[in-house]
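Reproduced below: coords-v7.txt, with compact mmCIF, N, CA, C and O atoms and all ligand atoms.
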```txt
# COMPACT_ATOMS: atom_id res chain seq x y z
N MET A 11 308.78 269.73 147.41
CA MET A 11 308.41 268.46 148.03
C MET A 11 308.56 267.32 147.04
O MET A 11 309.06 266.27 147.36
N SER A 12 308.19 267.57 145.77
CA SER A 12 308.29 266.50 144.78
C SER A 12 309.74 266.06 144.57
O SER A 12 310.01 264.89 144.41
N VAL A 13 310.63 267.02 144.59
CA VAL A 13 312.03 266.70 144.34
C VAL A 13 312.57 265.76 145.42
O VAL A 13 313.18 264.75 145.13
N ALA A 14 312.28 266.10 146.67
CA ALA A 14 312.76 265.26 147.77
C ALA A 14 312.17 263.86 147.68
O ALA A 14 312.86 262.87 147.92
N GLU A 15 310.90 263.77 147.31
CA GLU A 15 310.25 262.47 147.24
C GLU A 15 310.82 261.63 146.12
O GLU A 15 311.08 260.45 146.29
N SER A 16 311.02 262.23 144.96
CA SER A 16 311.54 261.42 143.85
C SER A 16 312.98 261.01 144.13
O SER A 16 313.40 259.93 143.77
N SER A 17 313.75 261.87 144.78
CA SER A 17 315.13 261.49 145.04
C SER A 17 315.19 260.38 146.10
O SER A 17 316.06 259.53 146.04
N ALA A 18 314.25 260.38 147.04
CA ALA A 18 314.20 259.29 148.01
C ALA A 18 313.92 257.98 147.30
O ALA A 18 314.53 256.94 147.60
N ALA A 19 313.00 258.01 146.33
CA ALA A 19 312.72 256.81 145.55
C ALA A 19 313.95 256.40 144.76
O ALA A 19 314.28 255.21 144.68
N ASP A 20 314.64 257.38 144.19
CA ASP A 20 315.85 257.08 143.42
C ASP A 20 316.92 256.45 144.30
O ASP A 20 317.60 255.51 143.89
N VAL A 21 317.08 256.99 145.51
CA VAL A 21 318.09 256.47 146.43
C VAL A 21 317.78 255.03 146.82
O VAL A 21 318.65 254.15 146.76
N LEU A 22 316.53 254.79 147.17
CA LEU A 22 316.14 253.43 147.57
C LEU A 22 316.28 252.47 146.39
O LEU A 22 316.79 251.35 146.53
N HIS A 23 315.83 252.92 145.22
CA HIS A 23 315.90 252.07 144.03
C HIS A 23 317.36 251.75 143.69
O HIS A 23 317.69 250.61 143.35
N ALA A 24 318.24 252.72 143.80
CA ALA A 24 319.66 252.49 143.52
C ALA A 24 320.25 251.47 144.50
O ALA A 24 321.05 250.61 144.11
N ARG A 25 319.85 251.57 145.76
CA ARG A 25 320.34 250.60 146.75
C ARG A 25 319.88 249.19 146.42
O ARG A 25 320.64 248.23 146.54
N VAL A 26 318.61 249.08 146.04
CA VAL A 26 318.07 247.75 145.73
C VAL A 26 318.76 247.18 144.48
O VAL A 26 319.14 246.01 144.46
N LEU A 27 318.94 248.01 143.45
CA LEU A 27 319.61 247.53 142.25
C LEU A 27 321.03 247.07 142.56
O LEU A 27 321.49 246.04 142.08
N ALA A 28 321.72 247.84 143.40
CA ALA A 28 323.10 247.50 143.73
C ALA A 28 323.19 246.17 144.47
O ALA A 28 324.20 245.47 144.37
N ALA A 29 322.13 245.82 145.20
CA ALA A 29 322.14 244.60 146.00
C ALA A 29 321.49 243.43 145.30
O ALA A 29 321.45 242.33 145.84
N SER A 30 320.98 243.64 144.08
CA SER A 30 320.15 242.62 143.43
C SER A 30 320.91 241.65 142.54
O SER A 30 320.32 240.69 142.05
N GLY A 31 322.19 241.92 142.30
CA GLY A 31 322.93 241.04 141.41
C GLY A 31 322.49 241.22 139.97
O GLY A 31 321.95 242.27 139.61
N ASP A 32 322.71 240.20 139.14
CA ASP A 32 322.43 240.33 137.72
C ASP A 32 321.31 239.40 137.25
O ASP A 32 321.07 239.26 136.06
N GLY A 33 320.64 238.75 138.17
CA GLY A 33 319.65 237.77 137.78
C GLY A 33 318.24 238.31 137.78
O GLY A 33 317.99 239.49 137.53
N VAL A 34 317.32 237.43 138.11
CA VAL A 34 315.91 237.76 138.02
C VAL A 34 315.51 238.81 139.05
O VAL A 34 314.58 239.59 138.83
N LEU A 35 316.24 238.86 140.17
CA LEU A 35 315.91 239.89 141.16
C LEU A 35 316.09 241.28 140.57
O LEU A 35 315.27 242.17 140.79
N ARG A 36 317.17 241.45 139.82
CA ARG A 36 317.40 242.75 139.21
C ARG A 36 316.33 243.07 138.16
O ARG A 36 315.85 244.20 138.06
N GLN A 37 315.95 242.03 137.40
CA GLN A 37 314.91 242.25 136.39
C GLN A 37 313.60 242.66 137.05
O GLN A 37 312.89 243.54 136.55
N LEU A 38 313.28 242.03 138.17
CA LEU A 38 312.06 242.40 138.89
C LEU A 38 312.16 243.83 139.43
O LEU A 38 311.20 244.60 139.35
N ALA A 39 313.32 244.16 139.97
CA ALA A 39 313.50 245.50 140.52
C ALA A 39 313.38 246.55 139.42
O ALA A 39 312.79 247.61 139.62
N GLU A 40 313.94 246.24 138.26
CA GLU A 40 313.87 247.21 137.16
C GLU A 40 312.45 247.32 136.62
O GLU A 40 312.01 248.39 136.23
N LEU A 41 311.73 246.19 136.60
CA LEU A 41 310.34 246.23 136.15
C LEU A 41 309.49 247.08 137.10
O LEU A 41 308.71 247.92 136.66
N HIS A 42 309.68 246.89 138.38
CA HIS A 42 308.87 247.60 139.38
C HIS A 42 309.58 248.85 139.87
O HIS A 42 309.52 249.19 141.04
N ARG A 43 310.21 249.56 138.96
CA ARG A 43 310.92 250.79 139.33
C ARG A 43 309.91 251.92 139.58
O ARG A 43 308.78 251.87 139.09
N PRO A 44 310.34 252.92 140.34
CA PRO A 44 309.45 254.05 140.61
C PRO A 44 309.26 254.94 139.39
O PRO A 44 310.18 255.08 138.57
N HIS A 45 308.07 255.48 139.28
CA HIS A 45 307.79 256.44 138.21
C HIS A 45 308.65 257.68 138.43
O HIS A 45 308.62 258.26 139.52
N PRO A 46 309.41 258.09 137.43
CA PRO A 46 310.33 259.20 137.62
C PRO A 46 309.64 260.55 137.65
O PRO A 46 310.24 261.55 138.04
N ASP A 47 308.40 260.59 137.22
CA ASP A 47 307.68 261.87 137.13
C ASP A 47 306.94 262.13 138.43
O ASP A 47 306.51 261.22 139.11
N ASP A 48 306.80 263.37 138.77
CA ASP A 48 306.16 263.71 140.03
C ASP A 48 304.73 264.21 139.88
O ASP A 48 304.09 264.57 140.85
N THR A 49 304.24 264.24 138.65
CA THR A 49 302.89 264.75 138.44
C THR A 49 301.89 263.63 138.68
O THR A 49 301.19 263.18 137.79
N ILE A 50 301.87 263.16 139.91
CA ILE A 50 301.10 261.98 140.25
C ILE A 50 300.10 262.32 141.34
O ILE A 50 300.44 263.04 142.28
N ALA A 51 298.92 261.77 141.21
CA ALA A 51 297.94 261.92 142.29
C ALA A 51 298.33 261.01 143.44
O ALA A 51 299.21 260.16 143.30
N GLY A 52 297.67 261.18 144.57
CA GLY A 52 297.91 260.27 145.68
C GLY A 52 298.88 260.81 146.70
O GLY A 52 299.68 260.07 147.26
N GLY A 53 298.86 262.11 146.94
CA GLY A 53 299.67 262.68 148.00
C GLY A 53 301.14 262.77 147.67
O GLY A 53 301.98 262.85 148.55
N GLY A 54 301.49 262.75 146.39
CA GLY A 54 302.87 262.93 146.01
C GLY A 54 303.72 261.69 146.16
O GLY A 54 304.93 261.76 146.01
N MET A 55 303.11 260.55 146.42
CA MET A 55 303.88 259.33 146.47
C MET A 55 304.24 258.90 145.05
O MET A 55 303.42 259.03 144.14
N PRO A 56 305.45 258.37 144.85
CA PRO A 56 305.78 257.83 143.54
C PRO A 56 304.89 256.61 143.23
O PRO A 56 304.36 255.99 144.14
N THR A 57 304.76 256.31 141.96
CA THR A 57 303.96 255.14 141.57
C THR A 57 304.85 254.10 140.91
O THR A 57 305.95 254.39 140.44
N CYS A 58 304.37 252.85 140.90
CA CYS A 58 305.13 251.73 140.35
C CYS A 58 304.85 251.57 138.87
O CYS A 58 303.69 251.56 138.45
N LEU A 59 305.90 251.43 138.09
CA LEU A 59 305.75 251.25 136.65
C LEU A 59 305.54 249.79 136.27
O LEU A 59 305.22 249.49 135.12
N GLY A 60 305.74 248.87 137.22
CA GLY A 60 305.67 247.46 136.87
C GLY A 60 304.36 246.78 137.22
O GLY A 60 304.03 245.76 136.65
N CYS A 61 303.61 247.36 138.15
CA CYS A 61 302.37 246.73 138.57
C CYS A 61 301.28 246.92 137.52
O CYS A 61 301.16 247.99 136.93
N ASP A 62 300.51 245.89 137.30
CA ASP A 62 299.38 245.99 136.40
C ASP A 62 298.24 246.72 137.11
O ASP A 62 298.00 246.51 138.30
N VAL A 63 297.55 247.56 136.36
CA VAL A 63 296.42 248.31 136.91
C VAL A 63 295.14 247.58 136.51
O VAL A 63 295.04 247.04 135.41
N ASP A 64 294.20 247.55 137.42
CA ASP A 64 292.97 246.79 137.18
C ASP A 64 292.18 247.34 135.99
O ASP A 64 291.58 246.59 135.24
N GLY A 65 292.15 248.62 135.84
CA GLY A 65 291.37 249.21 134.75
C GLY A 65 291.71 250.67 134.60
O GLY A 65 292.49 251.21 135.38
N PRO A 66 291.14 251.32 133.59
CA PRO A 66 291.48 252.72 133.31
C PRO A 66 291.09 253.67 134.44
O PRO A 66 291.66 254.75 134.55
N THR A 67 290.15 253.27 135.28
CA THR A 67 289.74 254.17 136.35
C THR A 67 290.46 253.86 137.65
O THR A 67 290.28 254.57 138.64
N SER A 68 291.28 252.82 137.67
CA SER A 68 291.98 252.47 138.90
C SER A 68 293.10 253.46 139.17
O SER A 68 293.72 253.99 138.25
N ALA A 69 293.36 253.67 140.45
CA ALA A 69 294.47 254.54 140.84
C ALA A 69 295.79 253.84 140.51
O ALA A 69 295.88 252.61 140.51
N ASP A 70 296.80 254.65 140.21
CA ASP A 70 298.12 254.08 139.98
C ASP A 70 298.64 253.44 141.26
O ASP A 70 298.43 253.97 142.35
N PRO A 71 299.32 252.32 141.15
CA PRO A 71 299.86 251.66 142.34
C PRO A 71 300.98 252.49 142.98
O PRO A 71 301.87 252.97 142.29
N VAL A 72 300.88 252.65 144.26
CA VAL A 72 301.89 253.43 144.99
C VAL A 72 303.20 252.64 145.04
O VAL A 72 303.19 251.41 145.17
N TRP A 73 304.29 253.33 144.91
CA TRP A 73 305.62 252.73 145.02
C TRP A 73 306.24 253.10 146.37
O TRP A 73 306.12 254.25 146.77
N PRO A 74 306.94 252.22 147.07
CA PRO A 74 307.21 250.83 146.69
C PRO A 74 305.95 249.94 146.83
O PRO A 74 305.30 249.98 147.85
N CYS A 75 305.67 249.18 145.77
CA CYS A 75 304.53 248.27 145.76
C CYS A 75 304.85 247.03 146.60
O CYS A 75 305.96 246.89 147.12
N ARG A 76 303.90 246.13 146.69
CA ARG A 76 304.12 244.93 147.51
C ARG A 76 305.25 244.07 146.95
O ARG A 76 306.05 243.51 147.69
N THR A 77 305.30 243.98 145.60
CA THR A 77 306.37 243.19 144.98
C THR A 77 307.73 243.80 145.30
O THR A 77 308.68 243.10 145.69
N TYR A 78 307.82 245.12 145.15
CA TYR A 78 309.10 245.78 145.37
C TYR A 78 309.50 245.72 146.85
O TYR A 78 310.67 245.55 147.18
N THR A 79 308.50 245.83 147.72
CA THR A 79 308.77 245.76 149.15
C THR A 79 309.34 244.40 149.53
O THR A 79 310.31 244.30 150.28
N LEU A 80 308.75 243.36 148.96
CA LEU A 80 309.23 242.00 149.21
C LEU A 80 310.67 241.84 148.74
O LEU A 80 311.54 241.30 149.44
N LEU A 81 310.92 242.34 147.55
CA LEU A 81 312.24 242.26 146.94
C LEU A 81 313.27 243.04 147.76
O LEU A 81 314.35 242.53 148.09
N ALA A 82 312.92 244.27 148.10
CA ALA A 82 313.84 245.13 148.85
C ALA A 82 314.15 244.52 150.22
O ALA A 82 315.28 244.56 150.69
N ARG A 83 313.12 243.94 150.85
CA ARG A 83 313.31 243.32 152.15
C ARG A 83 314.35 242.20 152.06
O ARG A 83 315.22 242.06 152.91
N ALA A 84 314.27 241.43 150.98
CA ALA A 84 315.17 240.30 150.81
C ALA A 84 316.60 240.74 150.49
O ALA A 84 317.54 240.25 151.10
N VAL A 85 316.75 241.65 149.54
CA VAL A 85 318.11 241.99 149.10
C VAL A 85 318.81 242.95 150.05
O VAL A 85 320.04 242.95 150.13
N LEU A 86 318.04 243.80 150.74
CA LEU A 86 318.66 244.76 151.65
C LEU A 86 318.74 244.23 153.08
O LEU A 86 319.45 244.80 153.91
N GLY A 87 317.99 243.17 153.37
CA GLY A 87 317.96 242.66 154.73
C GLY A 87 317.27 243.61 155.68
O GLY A 87 317.60 243.67 156.86
N VAL A 88 316.31 244.35 155.16
CA VAL A 88 315.57 245.33 155.96
C VAL A 88 314.16 244.80 156.18
O VAL A 88 313.51 244.35 155.24
N GLN A 89 313.70 244.84 157.42
CA GLN A 89 312.37 244.33 157.70
C GLN A 89 311.29 245.30 157.25
O GLN A 89 310.32 244.92 156.61
N ASP A 90 311.46 246.57 157.56
CA ASP A 90 310.42 247.55 157.28
C ASP A 90 310.87 248.49 156.16
O ASP A 90 311.49 249.53 156.40
N VAL A 91 310.56 248.10 154.94
CA VAL A 91 310.99 248.87 153.77
C VAL A 91 310.28 250.22 153.72
O VAL A 91 310.86 251.24 153.35
N GLU A 92 309.01 250.21 154.12
CA GLU A 92 308.25 251.47 154.12
C GLU A 92 308.89 252.49 155.06
O GLU A 92 309.03 253.66 154.71
N ALA A 93 309.30 252.03 156.23
CA ALA A 93 309.95 252.94 157.19
C ALA A 93 311.27 253.46 156.64
O ALA A 93 311.60 254.64 156.81
N LEU A 94 312.01 252.59 155.96
CA LEU A 94 313.27 253.02 155.35
C LEU A 94 313.00 254.09 154.29
O LEU A 94 313.69 255.11 154.24
N PHE A 95 312.00 253.84 153.46
CA PHE A 95 311.66 254.81 152.41
C PHE A 95 311.25 256.14 153.03
O PHE A 95 311.69 257.21 152.59
N LEU A 96 310.42 256.09 154.06
CA LEU A 96 309.97 257.33 154.70
C LEU A 96 311.15 258.07 155.33
O LEU A 96 311.20 259.29 155.29
N SER A 97 312.09 257.32 155.90
CA SER A 97 313.25 257.97 156.50
C SER A 97 314.11 258.65 155.43
O SER A 97 314.69 259.71 155.66
N LEU A 98 314.16 258.05 154.24
CA LEU A 98 314.90 258.66 153.13
C LEU A 98 314.19 259.92 152.65
O LEU A 98 314.82 260.89 152.23
N ARG A 99 312.87 259.90 152.68
CA ARG A 99 312.10 261.06 152.24
C ARG A 99 312.28 262.24 153.18
O ARG A 99 312.16 263.38 152.76
N HIS A 100 312.51 261.97 154.43
CA HIS A 100 312.55 263.05 155.41
C HIS A 100 313.97 263.34 155.88
O HIS A 100 314.19 263.77 157.00
N ARG A 101 314.93 263.09 155.01
CA ARG A 101 316.30 263.41 155.34
C ARG A 101 316.44 264.91 155.57
O ARG A 101 315.82 265.71 154.88
ZN ZN A 201 305.09 247.13 141.38
```

How does this structure look as structure tokens?
Amino acid sequence: MSVAESSAADVLHARVLAASGDGVLRQLAELHRPHPDDTIAGGGMPTCLGCDVDGPTSADPVWPCRTYTLLARAVLGVQDVEALFLSLRHR
């Protein structure tokens, strides 16, 4: 299950990077990239490496985070990024 989930994140992330150009959008996408490791709590969802965590006891932010969702929506022209991600997970 972890393999399919991380590859779905990789696929979506690659699409966003490819559509982001070379400017600040790409920098934001690279900052908020998915955690490549699958040893994550929270039902096996990938976590965001770019979001700040409130404190040491806070849960890791789930990826795609709100920033990444906004970005992906803009560069991919997709309204529902979460649905796209879920569809990639369940290929
Ligand atoms: Zn983030």

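Atom N of Gly33 in chain A lies 26.9 Å from atom O of Leu98 in chain A.
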
Counting all atoms listed in the file, what are the residues, protein, DNA or RNA alike, that approach ligand ZN 201 (chain A) to within 4.5 Å? I want them as a PyMOL selection string.
chain A and resi 42+60-61

I need the residues from that last selection saved to file as a JSON list (two decimals), in the coordinates of the input (with N, CA, C and O atoms), if you can.
```json
[["chain", "number", "residue", "atom", "x", "y", "z"],
["A", 42, "HIS", "N", 309.68, 246.89, 138.38],
["A", 42, "HIS", "CA", 308.87, 247.60, 139.38],
["A", 42, "HIS", "C", 309.58, 248.85, 139.87],
["A", 42, "HIS", "O", 309.52, 249.19, 141.04],
["A", 60, "GLY", "N", 305.74, 248.87, 137.22],
["A", 60, "GLY", "CA", 305.67, 247.46, 136.87],
["A", 60, "GLY", "C", 304.36, 246.78, 137.22],
["A", 60, "GLY", "O", 304.03, 245.76, 136.65],
["A", 61, "CYS", "N", 303.61, 247.36, 138.15],
["A", 61, "CYS", "CA", 302.37, 246.73, 138.57],
["A", 61, "CYS", "C", 301.28, 246.92, 137.52],
["A", 61, "CYS", "O", 301.16, 247.99, 136.93]]
```

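Atom O of Thr67 in chain A sits 27.6 Å away from CA of Gln37 in chain A.
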
Show which residues sit within 7 Å of range 17-27 of chain A, as a PyMOL selection string. Count only N, CA, C and O atoms, and ignore same-chain residues fewer than 5 positions away.
chain A and resi 11-12+32+35-36+39+43-44+81-82+85-86+94-95+98-99

Atomic distance atom O of Trp73 in chain A - atom O of Asp90 in chain A, expressed in Å with one decimal:
12.0 Å

Identify, with DSSP run on backbone atoms, the residues in chain A assigned to helix (DSSP H, G or I), and express the list as a PyMOL selection string.
chain A and resi 12-29+34-41+76-86+91-99

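For the residues A:Val63, A:Val91, A:Ala28, A:Cys58, ranking by smallest atom-to-atom distance to Cys75 in chain A using only C-alpha atoms places A:Cys58 first.
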
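Proximity of A:His45, A:Gly31, A:Ala93, A:Ala84 to Pro71 in chain A, computed with all atoms listed in the file, is greatest for A:His45.
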
Please tell me which residues are no farther than 5 Å from (307.0, 258.9, 142.3) in the file, counting all atoms listed in the file, and write them as a ChimeraX atom specification.
/A:45,47,55-57

Serialized selection, N, CA, C and O atoms, as a compact mmCIF listing (two decimals), in the frame of the given file:
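out14.txt, freshly written:
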```txt
# COMPACT_ATOMS: atom_id res chain seq x y z
N HIS A 45 308.07 255.48 139.28
CA HIS A 45 307.79 256.44 138.21
C HIS A 45 308.65 257.68 138.43
O HIS A 45 308.62 258.26 139.52
N ASP A 47 308.40 260.59 137.22
CA ASP A 47 307.68 261.87 137.13
C ASP A 47 306.94 262.13 138.43
O ASP A 47 306.51 261.22 139.11
N MET A 55 303.11 260.55 146.42
CA MET A 55 303.88 259.33 146.47
C MET A 55 304.24 258.90 145.05
O MET A 55 303.42 259.03 144.14
N PRO A 56 305.45 258.37 144.85
CA PRO A 56 305.78 257.83 143.54
C PRO A 56 304.89 256.61 143.23
O PRO A 56 304.36 255.99 144.14
N THR A 57 304.76 256.31 141.96
CA THR A 57 303.96 255.14 141.57
C THR A 57 304.85 254.10 140.91
O THR A 57 305.95 254.39 140.44
```

DSSP on the backbone: what in chain A comes out strand (DSSP E or B), as a PyMOL selection string?
chain A and resi 44+57-58+72

Working from the structure I just supplied, which lacks atoms in range 73-84 of chain A, can you model all heavy atoms there and output them as a JSON list (two decimals), keeping the file's coordinate frame?
```json
[["chain", "number", "residue", "atom", "x", "y", "z"],
["A", 73, "TRP", "N", 304.29, 253.33, 144.91],
["A", 73, "TRP", "CA", 305.62, 252.73, 145.02],
["A", 73, "TRP", "C", 306.24, 253.10, 146.37],
["A", 73, "TRP", "O", 306.12, 254.25, 146.77],
["A", 73, "TRP", "CB", 306.51, 253.25, 143.88],
["A", 73, "TRP", "CG", 307.83, 252.55, 143.78],
["A", 73, "TRP", "CD1", 308.13, 251.48, 143.00],
["A", 73, "TRP", "CD2", 309.04, 252.88, 144.48],
["A", 73, "TRP", "NE1", 309.44, 251.12, 143.20],
["A", 73, "TRP", "CE2", 310.01, 251.95, 144.10],
["A", 73, "TRP", "CE3", 309.37, 253.87, 145.42],
["A", 73, "TRP", "CZ2", 311.32, 251.99, 144.60],
["A", 73, "TRP", "CZ3", 310.66, 253.89, 145.93],
["A", 73, "TRP", "CH2", 311.62, 252.96, 145.51],
["A", 74, "PRO", "N", 306.94, 252.22, 147.07],
["A", 74, "PRO", "CA", 307.21, 250.83, 146.69],
["A", 74, "PRO", "C", 305.95, 249.94, 146.83],
["A", 74, "PRO", "O", 305.30, 249.98, 147.85],
["A", 74, "PRO", "CB", 308.28, 250.38, 147.68],
["A", 74, "PRO", "CG", 308.13, 251.30, 148.87],
["A", 74, "PRO", "CD", 307.63, 252.59, 148.32],
["A", 75, "CYS", "N", 305.67, 249.18, 145.77],
["A", 75, "CYS", "CA", 304.53, 248.27, 145.76],
["A", 75, "CYS", "C", 304.85, 247.03, 146.60],
["A", 75, "CYS", "O", 305.96, 246.89, 147.12],
["A", 75, "CYS", "CB", 304.22, 247.88, 144.31],
["A", 75, "CYS", "SG", 305.55, 246.95, 143.53],
["A", 76, "ARG", "N", 303.90, 246.13, 146.69],
["A", 76, "ARG", "CA", 304.12, 244.93, 147.51],
["A", 76, "ARG", "C", 305.25, 244.07, 146.95],
["A", 76, "ARG", "O", 306.05, 243.51, 147.69],
["A", 76, "ARG", "CB", 302.83, 244.12, 147.61],
["A", 76, "ARG", "CG", 301.79, 244.78, 148.50],
["A", 76, "ARG", "CD", 300.56, 243.95, 148.61],
["A", 76, "ARG", "NE", 299.91, 243.77, 147.31],
["A", 76, "ARG", "CZ", 298.90, 242.95, 147.08],
["A", 76, "ARG", "NH1", 298.43, 242.20, 148.05],
["A", 76, "ARG", "NH2", 298.36, 242.86, 145.90],
["A", 77, "THR", "N", 305.30, 243.98, 145.60],
["A", 77, "THR", "CA", 306.37, 243.19, 144.98],
["A", 77, "THR", "C", 307.73, 243.80, 145.30],
["A", 77, "THR", "O", 308.68, 243.10, 145.69],
["A", 77, "THR", "CB", 306.18, 243.15, 143.46],
["A", 77, "THR", "OG1", 304.90, 242.59, 143.18],
["A", 77, "THR", "CG2", 307.26, 242.33, 142.79],
["A", 78, "TYR", "N", 307.82, 245.12, 145.15],
["A", 78, "TYR", "CA", 309.10, 245.78, 145.37],
["A", 78, "TYR", "C", 309.50, 245.72, 146.85],
["A", 78, "TYR", "O", 310.67, 245.55, 147.18],
["A", 78, "TYR", "CB", 309.02, 247.24, 144.91],
["A", 78, "TYR", "CG", 310.36, 247.84, 144.63],
["A", 78, "TYR", "CD1", 310.90, 247.83, 143.35],
["A", 78, "TYR", "CD2", 311.13, 248.40, 145.65],
["A", 78, "TYR", "CE1", 312.15, 248.35, 143.09],
["A", 78, "TYR", "CE2", 312.38, 248.93, 145.41],
["A", 78, "TYR", "CZ", 312.88, 248.91, 144.12],
["A", 78, "TYR", "OH", 314.13, 249.43, 143.86],
["A", 79, "THR", "N", 308.50, 245.83, 147.72],
["A", 79, "THR", "CA", 308.77, 245.76, 149.15],
["A", 79, "THR", "C", 309.34, 244.40, 149.53],
["A", 79, "THR", "O", 310.31, 244.30, 150.28],
["A", 79, "THR", "CB", 307.47, 246.04, 149.94],
["A", 79, "THR", "OG1", 307.00, 247.35, 149.61],
["A", 79, "THR", "CG2", 307.72, 245.94, 151.43],
["A", 80, "LEU", "N", 308.75, 243.36, 148.96],
["A", 80, "LEU", "CA", 309.23, 242.00, 149.21],
["A", 80, "LEU", "C", 310.67, 241.84, 148.74],
["A", 80, "LEU", "O", 311.54, 241.30, 149.44],
["A", 80, "LEU", "CB", 308.31, 241.02, 148.47],
["A", 80, "LEU", "CG", 308.44, 239.54, 148.80],
["A", 80, "LEU", "CD1", 307.76, 239.26, 150.14],
["A", 80, "LEU", "CD2", 307.79, 238.72, 147.71],
["A", 81, "LEU", "N", 310.92, 242.34, 147.55],
["A", 81, "LEU", "CA", 312.24, 242.26, 146.94],
["A", 81, "LEU", "C", 313.27, 243.04, 147.76],
["A", 81, "LEU", "O", 314.35, 242.53, 148.09],
["A", 81, "LEU", "CB", 312.16, 242.83, 145.52],
["A", 81, "LEU", "CG", 313.41, 242.77, 144.67],
["A", 81, "LEU", "CD1", 313.55, 241.38, 144.09],
["A", 81, "LEU", "CD2", 313.32, 243.78, 143.54],
["A", 82, "ALA", "N", 312.92, 244.27, 148.10],
["A", 82, "ALA", "CA", 313.84, 245.13, 148.85],
["A", 82, "ALA", "C", 314.15, 244.52, 150.22],
["A", 82, "ALA", "O", 315.28, 244.56, 150.69],
["A", 82, "ALA", "CB", 313.25, 246.53, 149.01],
["A", 83, "ARG", "N", 313.12, 243.94, 150.85],
["A", 83, "ARG", "CA", 313.31, 243.32, 152.15],
["A", 83, "ARG", "C", 314.35, 242.20, 152.06],
["A", 83, "ARG", "O", 315.22, 242.06, 152.91],
["A", 83, "ARG", "CB", 311.97, 242.77, 152.65],
["A", 83, "ARG", "CG", 311.92, 242.40, 154.10],
["A", 83, "ARG", "CD", 310.53, 241.90, 154.47],
["A", 83, "ARG", "NE", 309.54, 242.97, 154.48],
["A", 83, "ARG", "CZ", 308.25, 242.79, 154.27],
["A", 83, "ARG", "NH1", 307.77, 241.60, 154.03],
["A", 83, "ARG", "NH2", 307.43, 243.82, 154.31],
["A", 84, "ALA", "N", 314.27, 241.43, 150.98],
["A", 84, "ALA", "CA", 315.17, 240.30, 150.81],
["A", 84, "ALA", "C", 316.60, 240.74, 150.49],
["A", 84, "ALA", "O", 317.54, 240.25, 151.10],
["A", 84, "ALA", "CB", 314.65, 239.39, 149.69]]
```
